[in-house]
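Asker: Data file data_12.txt (compact mmCIF, C-alpha atoms) is appended below.
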# COMPACT_ATOMS: atom_id res chain seq x y z
CA MET A 283 -11.55 35.10 31.75
CA LYS A 284 -14.31 37.56 30.99
CA ALA A 285 -15.41 40.58 32.98
CA LYS A 286 -18.27 43.01 32.55
CA ILE A 287 -18.12 46.55 33.83
CA PHE A 288 -21.33 48.53 34.16
CA VAL A 289 -20.88 52.29 34.23
CA THR A 290 -23.91 54.39 35.11
CA LEU A 291 -24.41 58.05 35.91
CA LYS A 292 -24.78 58.80 39.60
CA ARG A 293 -28.20 59.70 40.94
CA GLY A 294 -28.75 63.42 40.65
CA VAL A 295 -26.56 63.80 37.58
CA LEU A 296 -28.62 65.02 34.64
CA ASP A 297 -28.97 62.42 31.87
CA PRO A 298 -30.26 64.11 28.70
CA GLN A 299 -29.83 60.94 26.64
CA GLY A 300 -32.03 59.03 29.08
CA LYS A 301 -34.62 61.81 28.98
CA ALA A 302 -34.63 61.62 25.17
CA ILE A 303 -35.19 57.86 25.30
CA ALA A 304 -38.08 58.21 27.77
CA HIS A 305 -39.64 60.94 25.63
CA ALA A 306 -39.28 58.89 22.43
CA LEU A 307 -40.83 55.82 24.08
CA ASN A 308 -43.75 57.91 25.30
CA SER A 309 -44.25 59.27 21.79
CA LEU A 310 -44.28 55.72 20.43
CA GLY A 311 -47.19 54.85 22.70
CA PHE A 312 -45.33 53.41 25.69
CA ALA A 313 -46.94 55.78 28.15
CA GLU A 314 -45.97 53.60 31.12
CA VAL A 315 -42.31 54.64 30.84
CA VAL A 316 -41.76 57.26 33.54
CA ASP A 317 -37.99 57.61 33.40
CA ALA A 318 -34.98 56.21 31.58
CA ARG A 319 -31.25 56.40 32.28
CA GLN A 320 -28.55 55.29 29.92
CA GLY A 321 -25.25 53.76 30.94
CA LYS A 322 -22.40 51.78 29.41
CA VAL A 323 -21.41 48.17 29.64
CA ILE A 324 -17.84 47.21 28.79
CA GLU A 325 -17.03 43.55 28.23
CA LEU A 326 -13.39 42.69 28.72
CA GLU A 327 -11.56 39.56 27.68
CA ILE A 328 -8.68 38.99 30.11
CA ALA A 329 -5.83 36.61 29.28
CA ASP A 330 -4.60 34.25 31.98
CA ALA A 331 -0.84 34.46 32.51
CA PRO A 332 0.31 31.16 30.98
CA ALA A 333 2.82 30.55 33.77
CA ASP A 334 0.43 31.26 36.60
CA PRO A 335 -3.27 31.35 35.71
CA LEU A 336 -4.34 31.27 39.35
CA SER A 337 -2.58 34.52 40.21
CA THR A 338 -4.34 36.24 37.28
CA ARG A 339 -7.67 35.21 38.77
CA LEU A 340 -6.74 36.29 42.27
CA GLU A 341 -5.45 39.65 41.14
CA ALA A 342 -8.25 40.31 38.64
CA PRO A 343 -10.69 42.15 40.96
CA ALA A 344 -8.03 44.65 42.08
CA ARG A 345 -6.77 45.12 38.50
CA LEU A 346 -10.31 45.68 37.19
CA GLU A 347 -10.94 48.19 39.97
CA ALA A 348 -7.80 50.05 38.89
CA MET A 349 -8.93 50.03 35.23
CA CYS A 350 -12.24 51.63 36.24
CA GLN A 351 -10.58 54.28 38.37
CA LYS A 352 -7.98 55.15 35.75
CA LEU A 353 -9.89 54.94 32.49
CA LEU A 354 -13.30 53.36 32.27
CA ALA A 355 -15.38 55.48 34.65
CA ASN A 356 -15.39 59.14 35.52
CA THR A 357 -15.84 58.65 39.26
CA VAL A 358 -16.94 62.26 39.79
CA ILE A 359 -20.22 61.67 37.97
CA GLU A 360 -20.35 57.91 37.37
CA ASP A 361 -20.74 54.76 39.42
CA TYR A 362 -19.38 51.41 38.29
CA ARG A 363 -19.99 47.78 39.07
CA ILE A 364 -17.63 44.94 38.17
CA GLU A 365 -18.86 41.42 37.35
CA VAL A 366 -16.32 38.67 36.70
CA THR A 367 -17.68 35.75 34.67
CA SER A 368 -16.16 32.39 33.75
CA MET B 3 -41.27 48.41 38.32
CA LYS B 4 -37.76 48.68 36.97
CA ALA B 5 -36.27 47.06 33.88
CA LYS B 6 -32.76 46.98 32.49
CA ILE B 7 -32.05 46.51 28.82
CA PHE B 8 -28.57 45.51 27.71
CA VAL B 9 -27.76 46.31 24.09
CA THR B 10 -24.53 44.88 22.68
CA LEU B 11 -23.08 44.66 19.20
CA LYS B 12 -23.45 41.25 17.58
CA ARG B 13 -20.40 39.07 17.28
CA GLY B 14 -18.59 39.84 14.06
CA VAL B 15 -19.68 43.48 13.97
CA LEU B 16 -16.67 45.77 14.17
CA ASP B 17 -16.50 47.71 17.43
CA PRO B 18 -13.95 50.55 17.09
CA GLN B 19 -14.86 52.00 20.48
CA GLY B 20 -14.11 48.65 22.14
CA LYS B 21 -10.81 48.44 20.25
CA ALA B 22 -9.88 51.91 21.49
CA ILE B 23 -10.64 50.89 25.08
CA ALA B 24 -8.52 47.73 24.80
CA HIS B 25 -5.67 49.72 23.28
CA ALA B 26 -5.85 52.41 25.98
CA LEU B 27 -5.87 49.79 28.75
CA ASN B 28 -2.82 48.10 27.23
CA SER B 29 -1.03 51.45 27.07
CA LEU B 30 -1.82 52.04 30.75
CA GLY B 31 -0.05 48.80 31.65
CA PHE B 32 -2.99 46.39 31.69
CA ALA B 33 -1.38 44.02 29.22
CA GLU B 34 -3.74 41.18 30.16
CA VAL B 35 -6.65 42.84 28.35
CA VAL B 36 -6.99 41.02 25.03
CA ASP B 37 -10.24 42.45 23.77
CA ALA B 38 -12.98 44.86 24.81
CA ARG B 39 -16.49 45.47 23.49
CA GLN B 40 -18.71 48.34 24.47
CA GLY B 41 -22.48 48.21 24.77
CA LYS B 42 -25.32 50.17 26.30
CA VAL B 43 -27.48 49.60 29.32
CA ILE B 44 -30.82 51.38 29.54
CA GLU B 45 -32.60 51.48 32.88
CA LEU B 46 -36.32 52.06 32.61
CA GLU B 47 -38.75 53.02 35.31
CA ILE B 48 -42.17 51.62 34.43
CA ALA B 49 -45.33 52.90 36.13
CA ASP B 50 -47.93 50.36 37.24
CA ALA B 51 -51.39 51.16 35.91
CA PRO B 52 -53.14 52.35 39.09
CA ALA B 53 -56.35 50.49 38.24
CA ASP B 54 -54.68 47.19 37.39
CA PRO B 55 -51.05 46.81 38.54
CA LEU B 56 -51.06 43.06 37.90
CA SER B 57 -51.78 43.44 34.19
CA THR B 58 -48.86 45.91 33.88
CA ARG B 59 -46.56 43.25 35.27
CA LEU B 60 -47.94 40.50 33.06
CA GLU B 61 -47.72 42.60 29.92
CA ALA B 62 -44.31 44.10 30.72
CA PRO B 63 -42.10 41.50 29.00
CA ALA B 64 -43.97 41.81 25.69
CA ARG B 65 -44.05 45.62 25.93
CA LEU B 66 -40.31 45.78 26.68
CA GLU B 67 -39.62 43.47 23.76
CA ALA B 68 -41.58 45.86 21.52
CA MET B 69 -39.62 48.87 22.86
CA CYS B 70 -36.35 47.14 21.95
CA GLN B 71 -37.54 46.22 18.48
CA LYS B 72 -38.94 49.66 17.72
CA LEU B 73 -36.44 52.02 19.31
CA LEU B 74 -33.79 50.80 21.71
CA ALA B 75 -31.83 48.31 19.62
CA ASN B 76 -30.82 48.18 15.98
CA THR B 77 -31.54 44.48 15.50
CA VAL B 78 -29.49 44.29 12.30
CA ILE B 79 -26.24 44.79 14.19
CA GLU B 80 -27.20 44.61 17.87
CA ASP B 81 -28.41 41.99 20.34
CA TYR B 82 -30.44 42.87 23.40
CA ARG B 83 -31.29 41.27 26.71
CA ILE B 84 -34.12 42.34 28.99
CA GLU B 85 -33.96 42.03 32.78
CA VAL B 86 -37.01 42.95 34.87
CA THR B 87 -36.24 43.85 38.47
CA SER B 88 -38.51 44.55 41.44
Spit out the file's structure as structure tokens when you get a sec.
Answerer:
Amino acid sequence: MKAKIFVTLKRGVLDPQGKAIAHALNSLGFAEVVDARQGKVIELEIADAPADPLSTRLEAPARLEAMCQKLLANTVIEDYRIEVTS
Amino acid sequence: MKAKIFVTLKRGVLDPQGKAIAHALNSLGFAEVVDARQGKVIELEIADAPADPLSTRLEAPARLEAMCQKLLANTVIEDYRIEVTS
């Protein structure tokens, strides 16, 4: 099973890297770029428990949520979105 | 108009940051995580040309492609995917 986790800075949190990207694009002639924000995407490969693949799938959303809370996102300044594929 | 650009390392390119994430998740008790890869997501805010908003929309895919080629992705080691929203 694969899962993607998108971690982005919350609105209102300063994003200097995004500002640098927007500035660089403007300098390169892409004047239409008004703003840019940079985030992370983390692609996880999750193994099904061989004895009980169904339970892995049922528990996956809660487990992924826990991974985000504990490690992947800093929930003070970042939002996250979980997408389970295949 | 908003656009999202997803930049990920090509398959076969070593991703130490992803490895570190997978290792940390395993240490935290998420033994089901087999592999992790980390990429970037860049959210762009594109201004419509006030005189001709339609042309902005028509040209956007080609312009975004050019932004990726010139600045946002290192096409030797990275793949990118463009998603235009609203």
Asker: So which one's closest to Asp37 in chain B, B:Leu60, B:Pro52, B:Cys70, B:Pro18? Using only C-alpha atoms, please.
Answerer: B:Pro18
Asker: Measure the distance from CA of His305 in chain A to CA of Gln40 in chain B in Å and round it to one decimal.
Answerer: 24.5 Å
Asker: Could you superpose chain A on chain B by least squares over every Cα, matched in sequence order, and send it back as a compact mmCIF listing (two decimals) with C-alpha atoms, keeping the file's coordinate frame?
Answerer:
# COMPACT_ATOMS: atom_id res chain seq x y z
CA MET A 283 -41.26 48.45 38.30
CA LYS A 284 -37.75 48.70 36.95
CA ALA A 285 -36.27 47.06 33.88
CA LYS A 286 -32.76 46.98 32.48
CA ILE A 287 -32.06 46.50 28.81
CA PHE A 288 -28.58 45.51 27.71
CA VAL A 289 -27.77 46.30 24.09
CA THR A 290 -24.55 44.88 22.68
CA LEU A 291 -23.10 44.66 19.20
CA LYS A 292 -23.46 41.26 17.58
CA ARG A 293 -20.40 39.06 17.25
CA GLY A 294 -18.60 39.84 14.03
CA VAL A 295 -19.68 43.48 13.96
CA LEU A 296 -16.65 45.75 14.18
CA ASP A 297 -16.48 47.71 17.44
CA PRO A 298 -13.94 50.54 17.09
CA GLN A 299 -14.85 52.00 20.49
CA GLY A 300 -14.10 48.66 22.14
CA LYS A 301 -10.80 48.42 20.26
CA ALA A 302 -9.88 51.91 21.50
CA ILE A 303 -10.64 50.91 25.08
CA ALA A 304 -8.53 47.74 24.82
CA HIS A 305 -5.67 49.71 23.28
CA ALA A 306 -5.85 52.41 25.98
CA LEU A 307 -5.87 49.80 28.76
CA ASN A 308 -2.84 48.11 27.23
CA SER A 309 -1.04 51.45 27.08
CA LEU A 310 -1.83 52.03 30.75
CA GLY A 311 -0.06 48.81 31.67
CA PHE A 312 -2.99 46.39 31.70
CA ALA A 313 -1.37 44.02 29.23
CA GLU A 314 -3.73 41.18 30.18
CA VAL A 315 -6.65 42.84 28.35
CA VAL A 316 -6.98 41.01 25.04
CA ASP A 317 -10.25 42.44 23.79
CA ALA A 318 -12.98 44.85 24.82
CA ARG A 319 -16.49 45.46 23.49
CA GLN A 320 -18.71 48.33 24.48
CA GLY A 321 -22.47 48.18 24.77
CA LYS A 322 -25.32 50.16 26.29
CA VAL A 323 -27.46 49.60 29.32
CA ILE A 324 -30.81 51.38 29.53
CA GLU A 325 -32.60 51.48 32.86
CA LEU A 326 -36.32 52.06 32.59
CA GLU A 327 -38.75 53.04 35.31
CA ILE A 328 -42.17 51.63 34.42
CA ALA A 329 -45.33 52.89 36.12
CA ASP A 330 -47.92 50.36 37.24
CA ALA A 331 -51.40 51.14 35.94
CA PRO A 332 -53.14 52.32 39.12
CA ALA A 333 -56.34 50.44 38.27
CA ASP A 334 -54.66 47.17 37.44
CA PRO A 335 -51.04 46.80 38.55
CA LEU A 336 -51.02 43.06 37.89
CA SER A 337 -51.77 43.45 34.19
CA THR A 338 -48.86 45.91 33.86
CA ARG A 339 -46.55 43.24 35.26
CA LEU A 340 -47.94 40.51 33.05
CA GLU A 341 -47.72 42.60 29.92
CA ALA A 342 -44.32 44.12 30.72
CA PRO A 343 -42.09 41.52 29.00
CA ALA A 344 -43.97 41.82 25.69
CA ARG A 345 -44.04 45.64 25.93
CA LEU A 346 -40.31 45.79 26.68
CA GLU A 347 -39.62 43.48 23.75
CA ALA A 348 -41.59 45.86 21.52
CA MET A 349 -39.63 48.87 22.84
CA CYS A 350 -36.35 47.15 21.93
CA GLN A 351 -37.54 46.21 18.46
CA LYS A 352 -38.94 49.66 17.72
CA LEU A 353 -36.44 52.01 19.30
CA LEU A 354 -33.81 50.80 21.70
CA ALA A 355 -31.83 48.31 19.61
CA ASN A 356 -30.84 48.18 15.99
CA THR A 357 -31.55 44.48 15.52
CA VAL A 358 -29.50 44.30 12.31
CA ILE A 359 -26.24 44.80 14.20
CA GLU A 360 -27.21 44.61 17.88
CA ASP A 361 -28.41 42.00 20.33
CA TYR A 362 -30.46 42.86 23.40
CA ARG A 363 -31.30 41.26 26.70
CA ILE A 364 -34.15 42.34 28.97
CA GLU A 365 -33.97 42.04 32.77
CA VAL A 366 -37.02 42.96 34.85
CA THR A 367 -36.22 43.85 38.46
CA SER A 368 -38.47 44.58 41.44
Asker: Tell me which of A:Ile303, A:Asp297, A:Phe312, A:Leu291 sits closest to Leu66 in chain B, counting all atoms listed in the file.
Answerer: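 So, comparing all the options, the nearest one is A:Phe312.
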Asker: At what distance in Å, to one decimal, does CA of Lys4 in chain B lie from CA of Ala306 in chain A?
Answerer: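 One can read the CA of Ala306 in chain A to CA of Lys4 in chain B distance as 17.8 Å.
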Asker: Using all atoms listed in the file, which of the listed residues (A:Glu365, A:Asp334, A:Glu327, A:Glu347) sits closest to Gly20 in chain B?
Answerer: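 Smallest distance to Gly20 in chain B is found for A:Glu327.
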Asker: With only C-alpha atoms counted and 9 Å as the cut-off, give the residues of chain B in contact with chain A, each with its shortest interatomic distance in Å and the pair that gives it, as CSV.
Answerer:
residue,atom,partner,partner_atom,distance
B:Phe8,CA,A:Val323,CA,7.9
B:Val9,CA,A:Val323,CA,8.6
B:Thr10,CA,A:Val323,CA,8.3
B:Gly20,CA,A:Ile324,CA,7.8
B:Ile23,CA,A:Leu354,CA,8.1
B:Ala24,CA,A:Leu326,CA,8.0
B:Ala26,CA,A:Leu353,CA,8.1
B:Leu27,CA,A:Met349,CA,7.2
B:Leu30,CA,A:Lys352,CA,8.5
B:Phe32,CA,A:Met349,CA,7.8
B:Ala33,CA,A:Ala329,CA,8.6
B:Glu34,CA,A:Ala329,CA,5.1
B:Val35,CA,A:Ile328,CA,4.7
B:Val36,CA,A:Glu327,CA,5.5
B:Asp37,CA,A:Glu327,CA,5.0
B:Ala38,CA,A:Leu326,CA,4.5
B:Arg39,CA,A:Glu325,CA,5.1
B:Gln40,CA,A:Ile324,CA,4.5
B:Gly41,CA,A:Val323,CA,5.0
B:Lys42,CA,A:Lys322,CA,4.6
B:Val43,CA,A:Gly321,CA,5.0
B:Ile44,CA,A:Gln320,CA,4.5
B:Glu45,CA,A:Arg319,CA,5.1
B:Leu46,CA,A:Ala318,CA,4.5
B:Glu47,CA,A:Asp317,CA,5.0
B:Ile48,CA,A:Val315,CA,4.7
B:Ala49,CA,A:Glu314,CA,5.1
B:Asp50,CA,A:Glu314,CA,7.2
B:Ala51,CA,A:Glu314,CA,7.6
B:Thr58,CA,A:Glu314,CA,8.7
B:Arg65,CA,A:Phe312,CA,7.9
B:Met69,CA,A:Leu307,CA,7.2
B:Lys72,CA,A:Leu310,CA,8.5
B:Leu73,CA,A:Leu307,CA,7.5
B:Leu74,CA,A:Ile303,CA,8.0
Asker: Considering only C-alpha atoms, can you say which of A:Arg339, A:Lys301, A:Ala355, A:Ala344 comes closest to Thr367 in chain A?
Answerer: A:Arg339
Asker: Give me, please, the distance in Å between CA of Ile364 in chain A and CA of Lys292 in chain A, quoted to one decimal.
Answerer: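 If I compute the distance from CA of Ile364 in chain A to CA of Lys292 in chain A, I get 15.7 Å.
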Asker: My structure is short of atoms at range 328-347 of chain A; please model N, CA, C and O atoms there, returning them as an mmCIF file, keeping the file's coordinate frame.
Answerer:
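This is the output file rebuild.cif:
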data_model
loop_
_atom_site.group_PDB
_atom_site.id
_atom_site.type_symbol
_atom_site.label_atom_id
_atom_site.label_comp_id
_atom_site.auth_asym_id
_atom_site.auth_seq_id
_atom_site.Cartn_x
_atom_site.Cartn_y
_atom_site.Cartn_z
ATOM 1 N N ILE A 328 -9.956 38.904 29.389
ATOM 2 C CA ILE A 328 -8.680 38.990 30.110
ATOM 3 C C ILE A 328 -7.912 37.691 29.903
ATOM 4 O O ILE A 328 -8.468 36.603 30.115
ATOM 5 N N ALA A 329 -6.654 37.812 29.502
ATOM 6 C CA ALA A 329 -5.830 36.610 29.280
ATOM 7 C C ALA A 329 -5.250 36.132 30.602
ATOM 8 O O ALA A 329 -4.807 36.937 31.421
ATOM 9 N N ASP A 330 -5.295 34.817 30.820
ATOM 10 C CA ASP A 330 -4.600 34.250 31.980
ATOM 11 C C ASP A 330 -3.108 34.236 31.682
ATOM 12 O O ASP A 330 -2.703 33.916 30.564
ATOM 13 N N ALA A 331 -2.293 34.591 32.687
ATOM 14 C CA ALA A 331 -0.840 34.460 32.510
ATOM 15 C C ALA A 331 -0.536 32.975 32.340
ATOM 16 O O ALA A 331 -0.944 32.180 33.178
ATOM 17 N N PRO A 332 0.125 32.593 31.238
ATOM 18 C CA PRO A 332 0.310 31.160 30.980
ATOM 19 C C PRO A 332 1.072 30.458 32.108
ATOM 20 O O PRO A 332 0.784 29.302 32.422
ATOM 21 N N ALA A 333 2.014 31.183 32.713
ATOM 22 C CA ALA A 333 2.820 30.550 33.770
ATOM 23 C C ALA A 333 2.017 30.366 35.051
ATOM 24 O O ALA A 333 2.244 29.414 35.797
ATOM 25 N N ASP A 334 1.068 31.260 35.289
ATOM 26 C CA ASP A 334 0.430 31.260 36.600
ATOM 27 C C ASP A 334 -1.025 31.743 36.511
ATOM 28 O O ASP A 334 -1.358 32.838 36.959
ATOM 29 N N PRO A 335 -1.888 30.911 35.918
ATOM 30 C CA PRO A 335 -3.270 31.350 35.710
ATOM 31 C C PRO A 335 -3.998 31.694 37.012
ATOM 32 O O PRO A 335 -4.842 32.583 37.037
ATOM 33 N N LEU A 336 -3.639 31.025 38.091
ATOM 34 C CA LEU A 336 -4.340 31.270 39.350
ATOM 35 C C LEU A 336 -4.118 32.706 39.840
ATOM 36 O O LEU A 336 -5.053 33.368 40.284
ATOM 37 N N SER A 337 -2.867 33.168 39.726
ATOM 38 C CA SER A 337 -2.580 34.520 40.210
ATOM 39 C C SER A 337 -3.360 35.558 39.421
ATOM 40 O O SER A 337 -3.818 36.560 39.954
ATOM 41 N N THR A 338 -3.540 35.318 38.085
ATOM 42 C CA THR A 338 -4.340 36.240 37.280
ATOM 43 C C THR A 338 -5.735 36.367 37.873
ATOM 44 O O THR A 338 -6.290 37.451 38.008
ATOM 45 N N ARG A 339 -6.305 35.205 38.230
ATOM 46 C CA ARG A 339 -7.670 35.210 38.770
ATOM 47 C C ARG A 339 -7.746 35.902 40.126
ATOM 48 O O ARG A 339 -8.703 36.608 40.422
ATOM 49 N N LEU A 340 -6.728 35.681 40.942
ATOM 50 C CA LEU A 340 -6.740 36.290 42.270
ATOM 51 C C LEU A 340 -6.549 37.804 42.204
ATOM 52 O O LEU A 340 -7.139 38.540 42.976
ATOM 53 N N GLU A 341 -5.733 38.219 41.243
ATOM 54 C CA GLU A 341 -5.450 39.650 41.140
ATOM 55 C C GLU A 341 -6.496 40.411 40.335
ATOM 56 O O GLU A 341 -6.543 41.640 40.381
ATOM 57 N N ALA A 342 -7.327 39.677 39.590
ATOM 58 C CA ALA A 342 -8.250 40.310 38.640
ATOM 59 C C ALA A 342 -9.134 41.390 39.283
ATOM 60 O O ALA A 342 -9.214 42.496 38.746
ATOM 61 N N PRO A 343 -9.797 41.113 40.421
ATOM 62 C CA PRO A 343 -10.690 42.150 40.960
ATOM 63 C C PRO A 343 -9.968 43.477 41.226
ATOM 64 O O PRO A 343 -10.477 44.552 40.867
ATOM 65 N N ALA A 344 -8.770 43.414 41.798
ATOM 66 C CA ALA A 344 -8.030 44.650 42.080
ATOM 67 C C ALA A 344 -7.606 45.338 40.788
ATOM 68 O O ALA A 344 -7.660 46.574 40.672
ATOM 69 N N ARG A 345 -7.190 44.542 39.790
ATOM 70 C CA ARG A 345 -6.770 45.120 38.500
ATOM 71 C C ARG A 345 -7.956 45.785 37.802
ATOM 72 O O ARG A 345 -7.822 46.866 37.239
ATOM 73 N N LEU A 346 -9.118 45.117 37.841
ATOM 74 C CA LEU A 346 -10.310 45.680 37.190
ATOM 75 C C LEU A 346 -10.728 46.990 37.883
ATOM 76 O O LEU A 346 -11.123 47.954 37.227
ATOM 77 N N GLU A 347 -10.648 46.980 39.200
ATOM 78 C CA GLU A 347 -10.940 48.190 39.970
ATOM 79 C C GLU A 347 -10.039 49.334 39.503
ATOM 80 O O GLU A 347 -10.505 50.458 39.274
#
